[in-house]
>>> print(open('coords.cif').read())   # mmCIF, C-alpha atoms
data_data
#
loop_
_atom_site.label_atom_id
_atom_site.label_comp_id
_atom_site.auth_asym_id
_atom_site.auth_seq_id
_atom_site.Cartn_x
_atom_site.Cartn_y
_atom_site.Cartn_z
CA MET P 14 -69.51 37.32 -62.88
CA MET P 15 -68.19 34.04 -61.53
CA LYS P 16 -69.81 32.46 -58.52
CA ARG P 17 -67.33 30.85 -56.16
CA PHE P 18 -67.92 27.76 -54.03
CA LEU P 19 -65.24 26.73 -51.56
CA ARG P 20 -65.01 23.09 -50.55
CA SER P 21 -66.65 23.73 -47.18
CA GLU P 22 -69.54 25.43 -48.99
CA ILE P 23 -69.90 22.55 -51.45
CA ASP P 24 -70.03 20.04 -48.63
CA ALA P 25 -72.80 22.04 -46.94
CA LEU P 26 -75.05 22.29 -50.02
CA GLU P 27 -78.49 20.67 -50.03
CA HIS P 28 -78.19 17.14 -51.51
CA LEU P 29 -80.04 17.60 -54.82
CA TYR P 30 -78.43 21.00 -55.47
CA LYS P 31 -75.02 19.48 -54.82
CA ILE P 32 -75.41 16.47 -57.10
CA ASN P 33 -76.79 18.65 -59.91
CA LEU P 34 -73.89 21.07 -59.51
CA ILE P 35 -71.03 18.59 -59.18
CA ASN P 36 -72.33 16.28 -61.90
CA SER P 37 -72.08 19.20 -64.35
CA CYS P 38 -68.51 20.03 -63.40
CA SER P 39 -66.61 17.48 -65.46
CA GLY P 40 -68.07 18.93 -68.68
CA PHE P 41 -70.13 17.00 -71.20
CA LYS P 42 -70.24 13.29 -70.53
CA PRO P 43 -70.68 10.37 -72.90
CA ALA P 44 -74.24 9.02 -73.15
CA ASN P 45 -74.26 5.25 -73.18
CA LEU P 46 -76.64 2.38 -72.60
CA ILE P 47 -74.98 -0.61 -70.99
CA GLY P 48 -76.49 -3.94 -71.98
CA SER P 49 -75.95 -6.98 -69.81
CA ILE P 50 -77.54 -10.32 -68.99
CA SER P 51 -77.70 -12.45 -65.85
CA ASN P 52 -76.71 -16.07 -65.61
CA ASN P 53 -80.41 -16.94 -65.67
CA LYS P 54 -80.82 -15.01 -68.95
CA ARG P 55 -82.55 -11.85 -67.77
CA PRO P 56 -81.41 -8.98 -69.99
CA ASN P 57 -80.75 -5.55 -68.53
CA VAL P 58 -80.14 -2.09 -69.94
CA ALA P 59 -79.06 1.01 -68.03
CA VAL P 60 -77.92 4.53 -68.84
CA PHE P 61 -74.34 5.41 -67.86
CA SER P 62 -72.35 8.63 -68.30
CA SER P 63 -69.06 7.45 -66.82
CA VAL P 64 -67.49 5.49 -69.66
CA VAL P 65 -63.93 6.65 -70.24
CA HIS P 66 -61.47 5.76 -72.98
CA MET P 67 -58.46 4.06 -71.41
CA GLY P 68 -56.41 3.22 -74.48
CA SER P 69 -56.49 1.90 -78.04
CA ALA P 70 -53.88 -0.86 -78.02
CA PRO P 71 -55.27 -2.91 -76.41
CA PRO P 72 -58.70 -1.26 -76.90
CA LEU P 73 -59.93 -0.60 -73.34
CA MET P 74 -62.76 1.35 -71.75
CA GLY P 75 -63.32 2.11 -68.09
CA MET P 76 -66.58 2.83 -66.31
CA VAL P 77 -67.36 3.94 -62.78
CA PHE P 78 -69.84 2.17 -60.53
CA ARG P 79 -71.30 3.93 -57.52
CA PRO P 80 -70.88 2.30 -54.10
CA LEU P 81 -72.28 -1.23 -54.12
CA THR P 82 -74.23 -0.72 -50.91
CA VAL P 83 -77.38 -1.51 -52.86
CA PRO P 84 -77.33 -4.39 -55.35
CA ARG P 85 -76.91 -3.26 -58.95
CA ASP P 86 -77.98 -5.43 -61.87
CA THR P 87 -75.42 -4.19 -64.37
CA TYR P 88 -72.43 -4.80 -62.10
CA LYS P 89 -73.76 -8.16 -60.90
CA ASN P 90 -74.43 -9.30 -64.48
CA ILE P 91 -70.98 -8.29 -65.69
CA LYS P 92 -69.37 -10.21 -62.84
CA GLU P 93 -71.52 -13.25 -63.61
CA THR P 94 -71.12 -13.48 -67.38
CA LYS P 95 -68.00 -11.31 -67.98
CA TYR P 96 -69.61 -9.68 -71.02
CA TYR P 97 -71.52 -6.43 -71.53
CA THR P 98 -72.27 -3.99 -74.33
CA ILE P 99 -71.78 -0.24 -74.68
CA ASN P 100 -74.31 1.42 -77.00
CA HIS P 101 -74.28 5.10 -77.95
CA ILE P 102 -77.47 7.00 -77.20
CA HIS P 103 -78.72 8.93 -80.19
CA GLU P 104 -81.09 11.86 -80.24
CA GLU P 105 -84.27 9.88 -80.94
CA ILE P 106 -84.02 7.67 -77.86
CA THR P 107 -82.84 10.05 -75.11
CA GLN P 108 -86.14 9.95 -73.25
CA GLU P 109 -86.39 6.15 -73.27
CA ALA P 110 -82.70 5.86 -72.40
CA HIS P 111 -83.15 8.21 -69.46
CA HIS P 112 -86.07 6.18 -68.18
CA THR P 113 -83.70 3.26 -67.50
CA SER P 114 -82.53 5.32 -64.50
CA ALA P 115 -85.85 4.61 -62.74
CA LYS P 116 -85.53 2.26 -59.78
CA TYR P 117 -87.08 -0.98 -60.96
CA PRO P 118 -86.73 -4.18 -58.91
CA LEU P 119 -83.63 -6.31 -59.31
CA GLU P 120 -83.94 -8.79 -62.19
CA PHE P 121 -86.46 -6.56 -63.93
CA SER P 122 -85.51 -5.91 -67.55
CA GLU P 123 -85.69 -2.24 -68.51
CA PHE P 124 -86.21 -3.44 -72.07
CA ASP P 125 -89.74 -4.37 -70.90
CA ALA P 126 -90.48 -0.86 -69.63
CA THR P 127 -89.14 1.14 -72.55
CA LYS P 128 -89.23 1.25 -76.33
CA LEU P 129 -85.58 0.16 -76.35
CA THR P 130 -85.18 -3.11 -78.22
CA PRO P 131 -82.57 -5.74 -77.42
CA GLN P 132 -80.55 -6.98 -80.37
CA TYR P 133 -78.65 -10.25 -80.25
CA ARG P 134 -75.70 -10.67 -82.56
CA ASP P 135 -73.76 -13.68 -83.77
CA GLU P 136 -73.20 -16.20 -80.99
CA TRP P 137 -73.27 -13.72 -78.11
CA ASP P 138 -75.85 -13.93 -75.30
CA VAL P 139 -75.56 -10.32 -74.19
CA PRO P 140 -78.00 -7.77 -75.64
CA PHE P 141 -77.02 -4.76 -77.73
CA VAL P 142 -79.44 -1.86 -78.10
CA LYS P 143 -81.01 -1.98 -81.54
CA ASN P 144 -80.38 1.04 -83.81
CA ALA P 145 -77.59 2.46 -81.67
CA PRO P 146 -75.14 3.94 -84.19
CA VAL P 147 -72.15 2.53 -82.27
CA GLN P 148 -72.29 -0.80 -80.41
CA LEU P 149 -69.39 -2.37 -78.52
CA LEU P 150 -69.12 -5.89 -77.18
CA MET P 151 -67.03 -5.64 -74.03
CA LYS P 152 -65.25 -8.26 -71.96
CA TYR P 153 -64.50 -7.73 -68.28
CA GLU P 154 -60.78 -7.37 -67.62
CA GLU P 155 -60.26 -6.08 -64.09
CA GLU P 156 -61.56 -3.62 -61.52
CA TYR P 157 -60.20 -1.18 -58.96
CA TYR P 158 -61.82 -0.30 -55.69
CA ILE P 159 -61.52 3.48 -55.24
CA LYS P 160 -60.79 4.18 -51.61
CA SER P 161 -61.68 7.89 -51.68
CA ASN P 162 -65.39 7.24 -52.14
CA ASP P 163 -66.08 3.48 -52.28
CA THR P 164 -66.69 3.44 -56.02
CA ILE P 165 -65.36 0.91 -58.52
CA LEU P 166 -63.54 1.51 -61.78
CA LEU P 167 -64.30 -1.46 -64.01
CA ILE P 168 -62.07 -2.02 -67.05
CA GLY P 169 -63.24 -3.91 -70.13
CA SER P 170 -61.73 -4.67 -73.50
CA ILE P 171 -63.50 -4.25 -76.83
CA GLU P 172 -64.10 -7.71 -78.27
CA ALA P 173 -66.22 -6.56 -81.20
CA LEU P 174 -67.35 -3.26 -82.58
CA PHE P 175 -70.32 -2.36 -84.78
CA ILE P 176 -70.53 1.10 -86.32
CA LYS P 177 -72.90 2.57 -88.89
CA GLU P 178 -70.78 2.39 -91.99
CA ASN P 179 -71.38 5.95 -93.20
CA LEU P 180 -70.05 7.41 -89.93
CA ILE P 181 -66.56 5.98 -90.45
CA LYS P 182 -64.23 8.34 -92.30
CA HIS P 183 -61.18 7.38 -94.38
CA ASP P 184 -58.78 7.72 -91.44
CA GLY P 185 -60.86 5.77 -88.92
CA PHE P 186 -62.53 8.85 -87.36
CA VAL P 187 -66.14 8.10 -86.39
CA ASP P 188 -68.38 11.13 -86.92
CA LEU P 189 -70.64 11.12 -83.86
CA VAL P 190 -72.38 14.31 -84.99
CA GLU P 191 -73.49 12.64 -88.21
CA GLY P 192 -74.73 9.76 -86.07
CA ASN P 193 -76.88 12.09 -83.94
CA VAL P 194 -75.05 10.82 -80.88
CA THR P 195 -75.93 12.77 -77.76
CA ALA P 196 -73.97 13.94 -74.71
CA ILE P 197 -75.05 14.21 -71.09
CA ASN P 198 -74.91 17.42 -69.04
CA GLY P 199 -75.25 16.76 -65.32
CA LEU P 200 -77.74 14.15 -64.20
CA ASP P 201 -80.64 14.63 -66.56
CA ALA P 202 -79.90 16.85 -69.56
CA TYR P 203 -79.15 15.55 -73.04
CA ALA P 204 -77.48 17.71 -75.69
CA THR P 205 -76.88 16.63 -79.29
CA PRO P 206 -74.22 18.61 -81.17
CA LYS P 207 -75.06 19.44 -84.78
CA GLU P 208 -71.66 20.57 -85.98
CA ARG P 209 -68.10 19.62 -85.33
CA ARG P 210 -64.70 20.84 -86.37
CA ARG P 211 -61.60 18.71 -86.76
CA TYR P 212 -58.13 20.12 -86.33
CA ASP P 213 -54.86 18.91 -87.80
CA TYR P 214 -52.20 17.16 -85.80
CA GLN P 215 -50.51 19.95 -83.87
CA ARG P 216 -46.78 20.64 -84.16
CA PRO P 217 -44.91 23.18 -82.02
CA ARG P 218 -45.02 26.77 -83.29
CA GLN P 219 -41.44 27.33 -84.40
CA ASP P 220 -41.16 31.00 -83.42
CA VAL P 221 -42.09 30.46 -79.77
CA LEU P 222 -39.99 27.34 -79.63
CA ALA P 223 -36.92 29.22 -80.92
CA GLN P 224 -37.53 31.92 -78.31
CA PHE P 225 -37.79 29.30 -75.55
CA GLU P 226 -34.55 27.67 -76.63
CA THR P 227 -32.73 31.01 -76.79
CA ASN P 228 -33.87 31.83 -73.26
CA ASN P 229 -32.70 28.47 -71.95
CA ASN P 230 -29.22 28.48 -73.49
CA MET O 1 -75.43 -0.99 -92.69
CA MET O 2 -73.20 -1.65 -89.71
CA LYS O 3 -69.54 -2.32 -90.20
CA ARG O 4 -68.18 -4.98 -87.87
CA PHE O 5 -64.66 -5.11 -86.44
CA LEU O 6 -63.68 -8.15 -84.40
CA ARG O 7 -60.96 -7.79 -81.81
CA SER O 8 -58.36 -9.48 -84.01
CA GLU O 9 -59.21 -7.02 -86.80
CA ILE O 10 -58.97 -4.03 -84.45
CA ASP O 11 -55.54 -5.14 -83.26
CA ALA O 12 -54.35 -5.43 -86.86
CA LEU O 13 -55.47 -1.93 -87.93
CA GLU O 14 -52.92 0.67 -89.00
CA HIS O 15 -51.92 2.78 -85.95
CA LEU O 16 -53.52 6.12 -86.86
CA TYR O 17 -56.71 4.49 -88.14
CA LYS O 18 -56.95 2.51 -84.93
CA ILE O 19 -56.48 5.43 -82.54
CA ASN O 20 -58.99 7.55 -84.48
CA LEU O 21 -61.52 4.72 -84.41
CA ILE O 22 -61.16 3.62 -80.80
CA ASN O 23 -60.97 7.17 -79.43
CA SER O 24 -64.42 7.80 -80.92
CA CYS O 25 -65.95 4.70 -79.36
CA SER O 26 -66.67 5.94 -75.85
CA GLY O 27 -68.96 8.65 -77.23
CA PHE O 28 -68.53 12.37 -76.70
CA LYS O 29 -65.82 13.23 -74.20
CA PRO O 30 -65.44 16.21 -71.89
CA ALA O 31 -63.14 18.96 -73.21
CA ASN O 32 -60.93 20.29 -70.46
CA LEU O 33 -57.74 22.25 -70.06
CA ILE O 34 -55.67 21.12 -67.11
CA GLY O 35 -53.64 23.88 -65.49
CA SER O 36 -50.63 23.01 -63.33
CA ILE O 37 -47.38 24.49 -62.11
CA SER O 38 -43.98 23.03 -61.28
CA ASN O 39 -42.13 23.50 -58.01
CA ASN O 40 -39.95 26.04 -59.81
CA LYS O 41 -43.05 28.02 -60.85
CA ARG O 42 -43.36 27.11 -64.52
CA PRO O 43 -47.05 27.06 -65.43
CA ASN O 44 -48.44 24.44 -67.79
CA VAL O 45 -51.70 23.93 -69.62
CA ALA O 46 -52.78 20.84 -71.56
CA VAL O 47 -55.95 19.55 -73.21
CA PHE O 48 -57.49 16.39 -71.69
CA SER O 49 -60.60 14.44 -72.62
CA SER O 50 -60.45 11.80 -69.91
CA VAL O 51 -61.88 13.62 -66.89
CA VAL O 52 -64.61 11.52 -65.29
CA HIS O 53 -67.03 12.37 -62.48
CA MET O 54 -66.37 10.00 -59.57
CA GLY O 55 -68.83 11.32 -57.01
CA SER O 56 -70.34 14.40 -55.40
CA ALA O 57 -69.92 13.78 -51.67
CA PRO O 58 -66.99 14.12 -51.43
CA PRO O 59 -66.70 15.95 -54.79
CA LEU O 60 -64.18 13.87 -56.77
CA MET O 61 -62.99 13.73 -60.37
CA GLY O 62 -60.75 11.15 -61.99
CA MET O 63 -58.51 11.54 -65.02
CA VAL O 64 -56.49 9.06 -67.03
CA PHE O 65 -52.81 9.51 -67.81
CA ARG O 66 -51.21 7.58 -70.62
CA PRO O 67 -48.19 5.41 -69.84
CA LEU O 68 -45.45 7.46 -68.19
CA THR O 69 -42.76 6.10 -70.47
CA VAL O 70 -42.12 9.68 -71.59
CA PRO O 71 -42.07 12.44 -68.97
CA ARG O 72 -45.29 14.43 -68.81
CA ASP O 73 -45.41 17.92 -67.35
CA THR O 74 -48.98 17.79 -66.09
CA TYR O 75 -48.52 14.57 -64.12
CA LYS O 76 -45.11 15.63 -62.78
CA ASN O 77 -46.48 19.03 -61.70
CA ILE O 78 -49.47 17.51 -59.93
CA LYS O 79 -47.21 15.13 -58.04
CA GLU O 80 -44.90 18.01 -57.07
CA THR O 81 -47.43 20.58 -55.91
CA LYS O 82 -50.56 18.41 -55.32
CA TYR O 83 -52.79 21.03 -56.98
CA TYR O 84 -54.16 21.44 -60.49
CA THR O 85 -57.10 23.09 -62.21
CA ILE O 86 -59.80 21.77 -64.56
CA ASN O 87 -61.14 24.39 -66.98
CA HIS O 88 -63.96 23.81 -69.44
CA ILE O 89 -63.12 24.52 -73.07
CA HIS O 90 -65.66 26.79 -74.71
CA GLU O 91 -66.33 27.23 -78.39
CA GLU O 92 -64.14 30.30 -78.92
CA ILE O 93 -60.92 28.65 -77.75
CA THR O 94 -61.08 25.16 -79.22
CA GLN O 95 -58.26 25.80 -81.69
CA GLU O 96 -55.90 27.24 -79.07
CA ALA O 97 -56.88 24.52 -76.62
CA HIS O 98 -56.14 21.84 -79.19
CA HIS O 99 -52.72 23.35 -79.88
CA THR O 100 -51.64 22.44 -76.34
CA SER O 101 -51.43 18.86 -77.65
CA ALA O 102 -48.31 19.79 -79.67
CA LYS O 103 -45.12 18.24 -78.34
CA TYR O 104 -43.25 21.13 -76.76
CA PRO O 105 -40.17 20.52 -74.59
CA LEU O 106 -40.59 19.72 -70.92
CA GLU O 107 -40.87 22.82 -68.76
CA PHE O 108 -42.18 24.84 -71.70
CA SER O 109 -45.38 26.69 -70.85
CA GLU O 110 -48.10 26.22 -73.44
CA PHE O 111 -49.49 29.54 -72.22
CA ASP O 112 -46.53 31.11 -74.10
CA ALA O 113 -47.44 29.43 -77.38
CA THR O 114 -51.17 30.08 -77.38
CA LYS O 115 -53.67 32.86 -76.77
CA LEU O 116 -54.73 31.06 -73.59
CA THR O 117 -54.20 33.30 -70.58
CA PRO O 118 -53.33 32.07 -67.10
CA GLN O 119 -55.47 33.44 -64.31
CA TYR O 120 -54.32 33.32 -60.69
CA ARG O 121 -56.97 33.41 -58.00
CA ASP O 122 -56.87 34.15 -54.30
CA GLU O 123 -53.79 32.67 -52.64
CA TRP O 124 -53.34 29.75 -55.04
CA ASP O 125 -50.18 29.31 -57.14
CA VAL O 126 -51.74 27.09 -59.80
CA PRO O 127 -53.08 28.74 -62.98
CA PHE O 128 -56.69 28.63 -64.10
CA VAL O 129 -57.53 29.37 -67.74
CA LYS O 130 -59.01 32.83 -68.02
CA ASN O 131 -62.58 33.10 -69.35
CA ALA O 132 -63.31 29.40 -68.97
CA PRO O 133 -66.99 29.26 -67.93
CA VAL O 134 -66.27 26.57 -65.33
CA GLN O 135 -62.99 26.43 -63.37
CA LEU O 136 -62.16 23.87 -60.69
CA LEU O 137 -59.31 23.94 -58.20
CA MET O 138 -58.35 20.33 -57.63
CA LYS O 139 -56.26 18.65 -54.96
CA TYR O 140 -54.50 15.34 -55.56
CA GLU O 141 -56.01 12.51 -53.52
CA GLU O 142 -54.69 9.21 -54.81
CA GLU O 143 -53.86 7.26 -57.95
CA TYR O 144 -54.26 3.76 -59.34
CA TYR O 145 -51.88 2.05 -61.69
CA ILE O 146 -53.99 0.26 -64.33
CA LYS O 147 -52.34 -3.07 -65.07
CA SER O 148 -54.19 -3.75 -68.33
CA ASN O 149 -52.38 -0.99 -70.22
CA ASP O 150 -49.92 0.81 -67.90
CA THR O 151 -52.07 3.90 -67.54
CA ILE O 152 -52.82 5.80 -64.34
CA LEU O 153 -56.16 6.89 -62.95
CA LEU O 154 -55.51 9.97 -60.84
CA ILE O 155 -58.21 11.05 -58.38
CA GLY O 156 -58.58 14.64 -57.18
CA SER O 157 -61.04 16.44 -54.94
CA ILE O 158 -62.66 19.77 -55.77
CA GLU O 159 -61.28 22.37 -53.37
CA ALA O 160 -62.90 25.38 -55.03
CA LEU O 161 -65.25 25.92 -57.92
CA PHE O 162 -65.86 28.97 -60.08
CA ILE O 163 -68.83 29.04 -62.44
CA LYS O 164 -70.30 31.83 -64.55
CA GLU O 165 -73.22 32.88 -62.42
CA ASN O 166 -75.84 32.90 -65.18
CA LEU O 167 -75.18 29.24 -66.00
CA ILE O 168 -76.28 28.02 -62.57
CA LYS O 169 -79.99 27.18 -62.39
CA HIS O 170 -82.19 27.22 -59.29
CA ASP O 171 -81.56 23.53 -58.53
CA GLY O 172 -77.79 23.58 -58.98
CA PHE O 173 -77.81 22.40 -62.61
CA VAL O 174 -75.07 24.09 -64.64
CA ASP O 175 -76.17 24.78 -68.20
CA LEU O 176 -73.11 23.90 -70.27
CA VAL O 177 -74.95 24.66 -73.53
CA GLU O 178 -75.56 28.25 -72.41
CA GLY O 179 -71.85 28.42 -71.54
CA ASN O 180 -70.86 27.33 -75.07
CA VAL O 181 -68.93 24.44 -73.54
CA THR O 182 -67.64 22.02 -76.15
CA ALA O 183 -67.24 18.25 -76.31
CA ILE O 184 -64.51 16.17 -77.93
CA ASN O 185 -65.14 13.50 -80.57
CA GLY O 186 -62.16 11.22 -81.05
CA LEU O 187 -58.69 12.77 -80.99
CA ASP O 188 -59.19 16.05 -82.79
CA ALA O 189 -62.83 17.04 -83.33
CA TYR O 190 -64.70 19.57 -81.21
CA ALA O 191 -68.50 19.78 -81.17
CA THR O 192 -70.49 22.40 -79.29
CA PRO O 193 -74.13 21.51 -78.61
CA LYS O 194 -76.62 24.36 -79.05
CA GLU O 195 -79.65 22.82 -77.41
CA ARG O 196 -80.31 20.55 -74.51
CA ARG O 197 -83.31 18.89 -72.96
CA ARG O 198 -83.72 18.05 -69.29
CA TYR O 199 -85.88 15.18 -68.11
CA ASP O 200 -87.65 14.73 -64.81
CA TYR O 201 -86.53 12.29 -62.18
CA GLN O 202 -87.71 8.91 -63.46
CA ARG O 203 -90.02 6.68 -61.46
CA PRO O 204 -90.99 3.14 -62.51
CA ARG O 205 -93.91 2.90 -64.95
CA GLN O 206 -96.64 1.40 -62.79
CA ASP O 207 -98.29 -0.72 -65.47
CA VAL O 208 -95.15 -2.66 -66.41
CA LEU O 209 -94.16 -2.93 -62.77
CA ALA O 210 -97.55 -4.46 -61.88
CA GLN O 211 -97.17 -6.93 -64.76
CA PHE O 212 -93.68 -7.90 -63.55
CA GLU O 213 -94.91 -8.46 -60.01
CA THR O 214 -97.84 -10.56 -61.24
CA ASN O 215 -95.48 -12.75 -63.26
CA ASN O 216 -93.19 -13.24 -60.29
CA ASN O 217 -95.80 -14.18 -57.71
#
>>> encode(input="coords.cif", output="structure tokens")
Amino acid sequence: MMKRFLRSEIDALEHLYKINLINSCSGFKPANLIGSISNNKRPNVAVFSSVVHMGSAPPLMGMVFRPLTVPRDTYKNIKETKYYTINHIHEEITQEAHHTSAKYPLEFSEFDATKLTPQYRDEWDVPFVKNAPVQLLMKYEEEYYIKSNDTILLIGSIEALFIKENLIKHDGFVDLVEGNVTAINGLDAYATPKERRRYDYQRPRQDVLAQFETNNN
Amino acid sequence: MMKRFLRSEIDALEHLYKINLINSCSGFKPANLIGSISNNKRPNVAVFSSVVHMGSAPPLMGMVFRPLTVPRDTYKNIKETKYYTINHIHEEITQEAHHTSAKYPLEFSEFDATKLTPQYRDEWDVPFVKNAPVQLLMKYEEEYYIKSNDTILLIGSIEALFIKENLIKHDGFVDLVEGNVTAINGLDAYATPKERRRYDYQRPRQDVLAQFETNNN
């Protein structure tokens, strides 16, 4: 049996029920820790599930920020320094990663409240999350104010990429299952797939294509 | 060992290697089938991994369209009729879902080339995908042209929602693991998590908070 919710019914739901429900409705979401640093060198780390692949050439990622009616460290830091990191959450750190969602004061570093460890690489000031199987150094490119709900889509480009070597296959595919990378379901559930199946590049099935062309000639 | 790719090295990668690599770098992606229909009543279904939760009140989802340098049925249909559906891909249909990525002619219905079955509900013309554990009826709201790479972020609102009743928990959480919902890794891998763990709402750890406040007074 399918339960149906019409829009008017969704709008009338109790707040927590509604955000649990709607946050599950896009499917599994990526589980990332965003590292950033303020101009006065306070590091920050925060869990995000809204990173979206925008394109590979140039290599771009988007992420969604909720309305900026309350100050948000990650957004402020990115605007100040232009750099941030995206770090994949793996199975062993889901609980610590989730704790970064607690409401600490501005300028407080969640690295100090969790077992997450900042890692500084090469000449860059911005912290990565140590032991994350995939780490991206991102540079702010542009942002879009979304009129429908006062959110912001922030676009960054990949400036450097660190991946556990054994996860990279001969054709560039990165095996996130082998890396124990997790996915987010809703607001607070973490699910780590243990198997994956790759499919070949798909070409049209010739029989149905021939039928379609016959019908259209 | 971590393998490092600098931006200049990423840009110089062979095309297929690059798209495999960068498409894996956002983490696991949602696995959705987008249903749409043209003004002249040709249904269409296509796999997408770029749906992103934008907000719950109002309930909004975004999705990214690649550059419109070649005509794309899904985008054209949404612009024509303003409605589309988002359907979660479950484990049993990953192969058929992935086949919708084959390059069929415009106006060809991928429902005719796959075992995916269109399902029409209530008074709506737009097809859902039968047996999907979560089905959303979406209405076009607005779109943003992304200058960095000529893509489009299209925003839709949830007009109706159908969810397998047993997946909905007492607080509105939808258990995607119980629904055998899958996630996408890169361009062509499907991974279905079998377990998930929910965490409580996180409050600041009082000991570290007290230490922070002492240091700042």
>>> closest_residue(input="coords.cif", among="P:Val142, P:Leu26, P:Ala126, P:Ala223", to="chain O", atoms="all atoms listed in the file")
P:Ala126
>>> residues_around(input="coords.cif", residues="range 30-33 of chain O", least_positions_apart="5", cutoff="9 Å", atoms="all atoms listed in the file", output="ChimeraX atom specification")
/P:39-43 /O:45-52,85-90,94,97,100,128-129,181-184,190
>>> residues_around(input="coords.cif", residues="Pro133 in chain O", least_positions_apart="2", cutoff="12 Å", atoms="all atoms listed in the file", output="VMD selection string")
(chain P and resid 14 to 17 37 to 38 40) or (chain O and resid 32 to 33 86 to 93 128 to 131 135 to 136 161 to 168 174 to 182)
>>> write_last_selection(input="coords.cif", atoms="C-alpha atoms", output="PDB file, keeping the file's coordinate frame")
ATOM      1  CA  MET P  14     -69.510  37.320 -62.880  1.00  0.00           C
ATOM      2  CA  MET P  15     -68.190  34.040 -61.530  1.00  0.00           C
ATOM      3  CA  LYS P  16     -69.810  32.460 -58.520  1.00  0.00           C
ATOM      4  CA  ARG P  17     -67.330  30.850 -56.160  1.00  0.00           C
ATOM      5  CA  SER P  37     -72.080  19.200 -64.350  1.00  0.00           C
ATOM      6  CA  CYS P  38     -68.510  20.030 -63.400  1.00  0.00           C
ATOM      7  CA  GLY P  40     -68.070  18.930 -68.680  1.00  0.00           C
TER       8      GLY P  40
ATOM      9  CA  ASN O  32     -60.930  20.290 -70.460  1.00  0.00           C
ATOM     10  CA  LEU O  33     -57.740  22.250 -70.060  1.00  0.00           C
ATOM     11  CA  ILE O  86     -59.800  21.770 -64.560  1.00  0.00           C
ATOM     12  CA  ASN O  87     -61.140  24.390 -66.980  1.00  0.00           C
ATOM     13  CA  HIS O  88     -63.960  23.810 -69.440  1.00  0.00           C
ATOM     14  CA  ILE O  89     -63.120  24.520 -73.070  1.00  0.00           C
ATOM     15  CA  HIS O  90     -65.660  26.790 -74.710  1.00  0.00           C
ATOM     16  CA  GLU O  91     -66.330  27.230 -78.390  1.00  0.00           C
ATOM     17  CA  GLU O  92     -64.140  30.300 -78.920  1.00  0.00           C
ATOM     18  CA  ILE O  93     -60.920  28.650 -77.750  1.00  0.00           C
ATOM     19  CA  PHE O 128     -56.690  28.630 -64.100  1.00  0.00           C
ATOM     20  CA  VAL O 129     -57.530  29.370 -67.740  1.00  0.00           C
ATOM     21  CA  LYS O 130     -59.010  32.830 -68.020  1.00  0.00           C
ATOM     22  CA  ASN O 131     -62.580  33.100 -69.350  1.00  0.00           C
ATOM     23  CA  GLN O 135     -62.990  26.430 -63.370  1.00  0.00           C
ATOM     24  CA  LEU O 136     -62.160  23.870 -60.690  1.00  0.00           C
ATOM     25  CA  LEU O 161     -65.250  25.920 -57.920  1.00  0.00           C
ATOM     26  CA  PHE O 162     -65.860  28.970 -60.080  1.00  0.00           C
ATOM     27  CA  ILE O 163     -68.830  29.040 -62.440  1.00  0.00           C
ATOM     28  CA  LYS O 164     -70.300  31.830 -64.550  1.00  0.00           C
ATOM     29  CA  GLU O 165     -73.220  32.880 -62.420  1.00  0.00           C
ATOM     30  CA  ASN O 166     -75.840  32.900 -65.180  1.00  0.00           C
ATOM     31  CA  LEU O 167     -75.180  29.240 -66.000  1.00  0.00           C
ATOM     32  CA  ILE O 168     -76.280  28.020 -62.570  1.00  0.00           C
ATOM     33  CA  VAL O 174     -75.070  24.090 -64.640  1.00  0.00           C
ATOM     34  CA  ASP O 175     -76.170  24.780 -68.200  1.00  0.00           C
ATOM     35  CA  LEU O 176     -73.110  23.900 -70.270  1.00  0.00           C
ATOM     36  CA  VAL O 177     -74.950  24.660 -73.530  1.00  0.00           C
ATOM     37  CA  GLU O 178     -75.560  28.250 -72.410  1.00  0.00           C
ATOM     38  CA  GLY O 179     -71.850  28.420 -71.540  1.00  0.00           C
ATOM     39  CA  ASN O 180     -70.860  27.330 -75.070  1.00  0.00           C
ATOM     40  CA  VAL O 181     -68.930  24.440 -73.540  1.00  0.00           C
ATOM     41  CA  THR O 182     -67.640  22.020 -76.150  1.00  0.00           C
TER      42      THR O 182
END
>>> resolve_selection(input="coords.cif", expression="the PyMOL selection byres ((chain O and resi 140) around 8)", output="list in words")
Ile78, Lys79, Lys82, Tyr83, Tyr84, Met138, Lys139, Glu141, Glu142, Leu154, Ile155, Gly156 and Ser157 of chain O
>>> residues_around(input="coords.cif", residues="Glu80 in chain O", least_positions_apart="2", cutoff="10 Å", atoms="only C-alpha atoms", output="PyMOL selection string")
chain O and resi 36-40+74-78+82-83
>>> atom_distance(input="coords.cif", atom1="CA of Leu200 in chain P", atom2="CA of Glu109 in chain P")
14.9 Å
>>> atom_distance(input="coords.cif", atom1="CA of Phe212 in chain O", atom2="CA of Gln132 in chain P")
21.4 Å
>>> atom_distance(input="coords.cif", atom1="CA of Leu68 in chain O", atom2="CA of Thr117 in chain O")
27.4 Å
>>> residues_around(input="coords.cif", residues="Ala160 in chain O", least_positions_apart="5", cutoff="6 Å", atoms="only C-alpha atoms", output="VMD selection string")
(chain P and resid 18 to 20) or (chain O and resid 136 to 137)
>>> residues_around(input="coords.cif", residues="Thr151 in chain O", least_positions_apart="3", cutoff="7 Å", atoms="only C-alpha atoms", output="MDAnalysis selection string")
chainID O and resid 64:67 145:146
>>> write_last_selection(input="coords.cif", atoms="C-alpha atoms", output="mmCIF file, keeping the file's coordinate frame")
data_model
loop_
_atom_site.group_PDB
_atom_site.id
_atom_site.type_symbol
_atom_site.label_atom_id
_atom_site.label_comp_id
_atom_site.auth_asym_id
_atom_site.auth_seq_id
_atom_site.Cartn_x
_atom_site.Cartn_y
_atom_site.Cartn_z
ATOM 1 C CA VAL O 64 -56.490 9.060 -67.030
ATOM 2 C CA PHE O 65 -52.810 9.510 -67.810
ATOM 3 C CA ARG O 66 -51.210 7.580 -70.620
ATOM 4 C CA PRO O 67 -48.190 5.410 -69.840
ATOM 5 C CA TYR O 145 -51.880 2.050 -61.690
ATOM 6 C CA ILE O 146 -53.990 0.260 -64.330
#
